[in-house]
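So the structure is just underneath, and the comments pick up after that.
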Amino acid sequence: MINERSLFLDYLAQTSDSPLMLEIEKAEGVFLFDIQGKKYFDLISGISVSNMGHRHPKVIRAISDQLDKYLYLMVYGEYVQSPQVKFANLLAEQLPPVLNNTYLVNSGSEAVEGALKLAKRYTGRSEIVAFNNAYHGSTYGALSVMGNEEFKNSFRPLVPGARFLEFGNFKDLDQISEHTACVIIEPIQGEAGIVLPPKNYLKAIRDKCTETGTLLILDEIQTGFGRTGTLFAFEQFDIVPDIICFAKGIGGGMPIGAFVSSREIMSVFKTDPVLGHITTFGGHPVSCAAAFANLQALLEEGWVDQVFAKEDLFRKLLVHKKIKKLRGKGLFLAMDMRDNKQVQDLIKILLDKGIIVDWFLFKDDSIRIAPPLIITIKQIEEACQLIIEALDQI
């Protein structure tokens with residue numbers, strides 16, 4: 001009898017020659033369980049998706065309740081659907097007043113695509129400024145503003161007009177001009193290995209955008225929804241963007257993304273042409289019901305308030321001669337190792353010990369640590385002890 005591992009390799013498109021091949025049967029809280037019943041700490045939250053853990057009861061209840069009402073009804077933007085309205089309203093209440101208009105999509109890449117289109121349409125300009133080692137997704141527009149040549153060269157020609165600056169270099173900001181439609185930036189670079197901006201750097205970008213009439217797009221797809229110790233990372237940098245992109249942690253495990261702007265900016269999608277941006281499944285009612293419950297739980301249960309204390313505990317416990325540096329903000333951390341071989345060896349040993357960690361696309365000598373925000377002090381202590389034991393083995 002053919003097993004599911006063989007079917008996986010035969011019938012599902014592969015993204016690498018070496019998938020992890022974990023066969024997960026169940027997930028709950030901070031743990032995954034394979035078909036043999038082995039328990040794994042999920043220390044990456046499915047790459048910053050399961051911020052509230054797996055199968056949060058309030059999210060599961062919201063999904064179940066919505067299943068009893070309706071699933072898909074109509075392409076986005078035509079019908080008044082309660083889950084969409086409730087979520088957009090709750091989200092707007094957490095954002096600065098100018099960020100009051102939400103366009104719901106299915107993923108982070110789609111949020112970025114929509115934001116780039118919106119900026120070009122609103123400003124009438126074509127140049128986009130992005131940053132070296134930035135990651136914004138894999139669709140063509142998002143790929144065009146990715147700051148890593150190795151990952152995009154095979155897919156050229158890409159969307160023209162992208163200019164790349166060095167992240168953290170103040171002098172480069174002079175290249176933002178009256179020809180620039182938008183600057184798109186992660187407030188903390190993710191796939192570069194959790195790279196924080198220098199002090200006042202994002203504020204300097206905000207000021208330059210205001211001066212030149214350029215729209216500032218913040219990609220908070222990984223950093224949003226409590227990951228860095230505040231609900232949104234931009235709150236820590238004394239700026240407000242013109243457009244902000246969300247996905248990953250927004251939906252409690254359901255597929256949903258969004259880009260948010262002002263009603264004035266977003267209104268340009270209504271004319272010249274009408275239906276200037278369209279999505280069939282964006283704002284799916286089940287995903288929106290999950291997103292509303294997820295955000296409501298995040299606000300009510302106080303997990304974001306605990307993030308910095310948990311970061312401090314990781315920093316206190318993850319001390320070892322083979323760790324060159326522990327870098328990051330909140331529960332968005334990178335553990336620098338000697339080289340990629342050491343990283344891969346550690347990942348394998350930790351899997352044997354029941355811990356899931358990962359590396360970064362553009363920094364393969366670092367380990368990603370981004371557990372669900374609901375991880376407890378005791379669980380952090382247990383996980384860190386296993387990491388230290390694994391470090392002793394490599």
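Numbering starts fresh at 1 for the residues of each chain in the structure tokens, the chains themselves are lettered A, B, ... in the order given, and ligands are numbered from 1 as they appear.
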Give one line per residue of stretch 139-211 of chain A that approaches stretch 237-241 of chain A to at most 12 Å, naming the two atoms of the closest pair and their distance in Å to one decimal, counting only C-alpha atoms; sort by chain then ascending residue number and deliver it as a tab-separated table.
```
residue	atom	partner	partner_atom	distance
A:Cys182	CA	A:Pro241	CA	10.7
A:Val183	CA	A:Pro241	CA	10.0
A:Ile184	CA	A:Pro241	CA	9.9
A:Ile185	CA	A:Pro241	CA	10.2
A:Glu186	CA	A:Pro241	CA	11.2
A:Pro187	CA	A:Phe237	CA	8.3
A:Ile188	CA	A:Phe237	CA	10.4
A:Leu196	CA	A:Phe237	CA	10.7
A:Pro197	CA	A:Phe237	CA	9.4
A:Pro198	CA	A:Phe237	CA	10.3
A:Lys199	CA	A:Phe237	CA	8.4
A:Asn200	CA	A:Phe237	CA	7.4
A:Tyr201	CA	A:Phe237	CA	8.7
A:Leu202	CA	A:Phe237	CA	6.8
A:Lys203	CA	A:Ile239	CA	6.0
A:Ala204	CA	A:Ile239	CA	9.5
A:Ile205	CA	A:Ile239	CA	9.4
A:Arg206	CA	A:Ile239	CA	6.8
A:Asp207	CA	A:Ile239	CA	9.2
A:Cys209	CA	A:Pro241	CA	9.7
A:Thr210	CA	A:Pro241	CA	10.2
```
Inset, instruction - Would you kindly return, as a PyMOL selection string, each protein, DNA or RNA residue with an atom no farther than 9 Å from any atom of stretch 115-125 of chain A, considering only C-alpha atoms and excluding same-chain residues fewer than 4 positions away? - result: chain A and resi 110-111+141-142+178-182+184+213-217+243-245+259-261+265-269+276-277
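Proximity ranking of A:Gly53, A:Lys248, A:Ile44, A:Ala162 relative to A:Glu28 places A:Gly53 first, based on only C-alpha atoms.
Of the residues listed (A:Ser18, A:Gln222, A:Ser109, A:Gln379), A:Gln379 shows the shortest atom-to-atom separation from A:Tyr40; distances use only C-alpha atoms.
Among the candidates A:Arg55, A:His284, A:Lys208, A:Lys86, the one nearest to A:Pro372 when counting only C-alpha atoms is A:Arg55.
Neighbours of A:Gly29 closer than or equal to 9 Å, with only C-alpha atoms counted and sequence neighbours fewer than 2 positions away skipped, come out as Ala27, Phe31, Leu32, Asp42, Ser50, Met52, Gly53, His54, Arg55, His56, Pro372, Ile374 and Ile375 of chain A.
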Just the selected residues (N, CA and C atoms), exported as a compact mmCIF listing (two decimals), in the first residue's frame, please.
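Result file is result25.txt:
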```txt
# COMPACT_ATOMS: atom_id res chain seq x y z
N ALA A 27 -2.38 19.40 15.90
CA ALA A 27 -1.66 20.54 16.49
C ALA A 27 -2.53 21.14 17.58
N PHE A 31 2.28 23.04 20.32
CA PHE A 31 2.79 21.73 19.95
C PHE A 31 2.18 21.19 18.66
N LEU A 32 3.00 20.43 17.93
CA LEU A 32 2.55 19.61 16.81
C LEU A 32 2.75 18.15 17.21
N ASP A 42 6.63 23.85 18.53
CA ASP A 42 6.68 24.67 17.32
C ASP A 42 7.28 26.02 17.70
N SER A 50 1.03 31.26 13.56
CA SER A 50 0.23 30.84 14.72
C SER A 50 0.62 31.61 15.97
N MET A 52 -1.16 33.01 18.13
CA MET A 52 -2.00 32.64 19.27
C MET A 52 -2.01 31.13 19.49
N GLY A 53 -1.03 30.46 18.93
CA GLY A 53 -0.96 29.02 19.06
C GLY A 53 -1.86 28.32 18.06
N HIS A 54 -1.76 27.01 18.01
CA HIS A 54 -2.56 26.22 17.09
C HIS A 54 -3.93 25.92 17.69
N ARG A 55 -4.96 26.13 16.88
CA ARG A 55 -6.34 25.81 17.24
C ARG A 55 -6.78 26.52 18.53
N HIS A 56 -6.56 27.82 18.57
CA HIS A 56 -7.05 28.57 19.71
C HIS A 56 -8.57 28.35 19.81
N PRO A 372 4.84 30.70 19.29
CA PRO A 372 3.56 31.35 19.58
C PRO A 372 3.68 32.23 20.82
N ILE A 374 1.71 32.57 23.09
CA ILE A 374 1.11 31.93 24.26
C ILE A 374 2.07 30.96 24.95
N ILE A 375 3.28 30.80 24.44
CA ILE A 375 4.23 29.90 25.09
C ILE A 375 4.43 30.33 26.54
```
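For the set A:Ser48, A:Ile128, A:Val307, A:Asp65, the residue with the smallest atom-to-atom gap to A:Gly224 is A:Ser48, counting only C-alpha atoms.
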Near-A:Leu373 list (10 Å; only C-alpha atoms; drop same-chain fewer than 5 positions) as a PDB file with C-alpha atoms, in the first residue's frame:
```pdb
ATOM      1  CA  GLY A  29      -1.251  25.280  21.479  1.00  0.00           C
ATOM      2  CA  VAL A  30       2.517  25.388  20.984  1.00  0.00           C
ATOM      3  CA  SER A  45       4.768  29.349  14.630  1.00  0.00           C
ATOM      4  CA  SER A  48       4.972  33.762  12.347  1.00  0.00           C
ATOM      5  CA  SER A  50       0.225  30.842  14.717  1.00  0.00           C
ATOM      6  CA  ASN A  51       0.869  33.780  17.041  1.00  0.00           C
ATOM      7  CA  MET A  52      -2.004  32.639  19.266  1.00  0.00           C
ATOM      8  CA  GLY A  53      -0.961  29.015  19.059  1.00  0.00           C
ATOM      9  CA  PHE A 225      -0.153  41.028  15.648  1.00  0.00           C
ATOM     10  CA  GLY A 226       2.077  41.089  18.699  1.00  0.00           C
ATOM     11  CA  ARG A 227       5.149  39.343  17.345  1.00  0.00           C
ATOM     12  CA  THR A 228       7.601  42.101  18.334  1.00  0.00           C
ATOM     13  CA  GLY A 229       6.058  43.127  21.668  1.00  0.00           C
ATOM     14  CA  LEU A 298      -5.117  38.758  21.354  1.00  0.00           C
ATOM     15  CA  GLY A 302      -2.914  40.012  27.413  1.00  0.00           C
ATOM     16  CA  TRP A 303      -0.350  37.930  25.526  1.00  0.00           C
ATOM     17  CA  VAL A 304       1.283  40.936  23.850  1.00  0.00           C
ATOM     18  CA  ASP A 305       2.054  42.436  27.262  1.00  0.00           C
ATOM     19  CA  GLN A 306       4.140  39.347  28.100  1.00  0.00           C
ATOM     20  CA  VAL A 307       6.284  39.304  24.963  1.00  0.00           C
ATOM     21  CA  LYS A 310       9.575  36.168  27.383  1.00  0.00           C
ATOM     22  CA  GLY A 330      10.167  40.411  21.174  1.00  0.00           C
ATOM     23  CA  LEU A 331       9.503  36.838  20.060  1.00  0.00           C
TER      24      LEU A 331
END
```
Could you name the residues that touch A:Ile387 at 9 Å or less, counting only C-alpha atoms, but leaving out those on the same chain fewer than 6 positions away, as a list of chain:residue names? A:Leu318, A:Leu346, A:Leu350, A:Lys353, A:Ile355
Generate a file of the selected residues that holds N, CA and C atoms, formatted as a tab-separated table (two decimals), in the first residue's frame.
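Generated file (out-v5.tsv):
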```tsv
chain	number	residue	atom	x	y	z
A	318	LEU	N	19.48	31.22	26.55
A	318	LEU	CA	20.21	30.79	25.36
A	318	LEU	C	21.60	31.42	25.33
A	346	LEU	N	22.07	21.44	13.73
A	346	LEU	CA	21.28	21.76	14.91
A	346	LEU	C	19.80	21.53	14.64
A	350	LEU	N	17.61	18.93	16.85
A	350	LEU	CA	16.45	19.44	17.57
A	350	LEU	C	15.16	18.73	17.15
A	353	LYS	N	14.87	15.78	19.10
A	353	LYS	CA	14.51	16.10	20.48
A	353	LYS	C	13.09	16.66	20.60
A	355	ILE	N	11.85	19.51	18.78
A	355	ILE	CA	11.80	20.98	18.68
A	355	ILE	C	11.94	21.38	17.21
```
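For the atom pair formed by atom CA of A:Leu231 and atom CA of A:Leu313, the distance is 20.1 Å, given to one decimal.
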**Message:** Could you pull out the strand (DSSP E) residues of stretch 114-302 of chain A, going by DSSP on the backbone, and write them as a VMD selection string?
**Reply:** chain A and resid 127 to 131 162 to 165 180 to 185 215 to 219 243 to 246 257 to 261
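Taking atom CA of A:Lys378 as the reference point, atom CA of A:Gln189 is found at 29.2 Å.
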Worksheet entry | Residue neighbourhood A:Ile367, 6 Å, only C-alpha atoms, exclusion window fewer than 2 positions, as an MDAnalysis selection string | chainID A and resid 334:335 358:359
Could you please take those selected residues and save C-alpha atoms as a PDB file, in the first residue's frame?
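Final file, out-v7.pdb:
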```pdb
ATOM      1  CA  ALA A 334      17.633  35.059  15.297  1.00  0.00           C
ATOM      2  CA  MET A 335      20.389  32.920  16.802  1.00  0.00           C
ATOM      3  CA  ASP A 358      14.290  27.018  11.032  1.00  0.00           C
ATOM      4  CA  TRP A 359      16.787  29.142   9.121  1.00  0.00           C
TER       5      TRP A 359
END
```
Separating atom CA of A:Ile60 from atom CA of A:Ala92, to the nearest tenth of an Å, is a gap of 23.2 Å
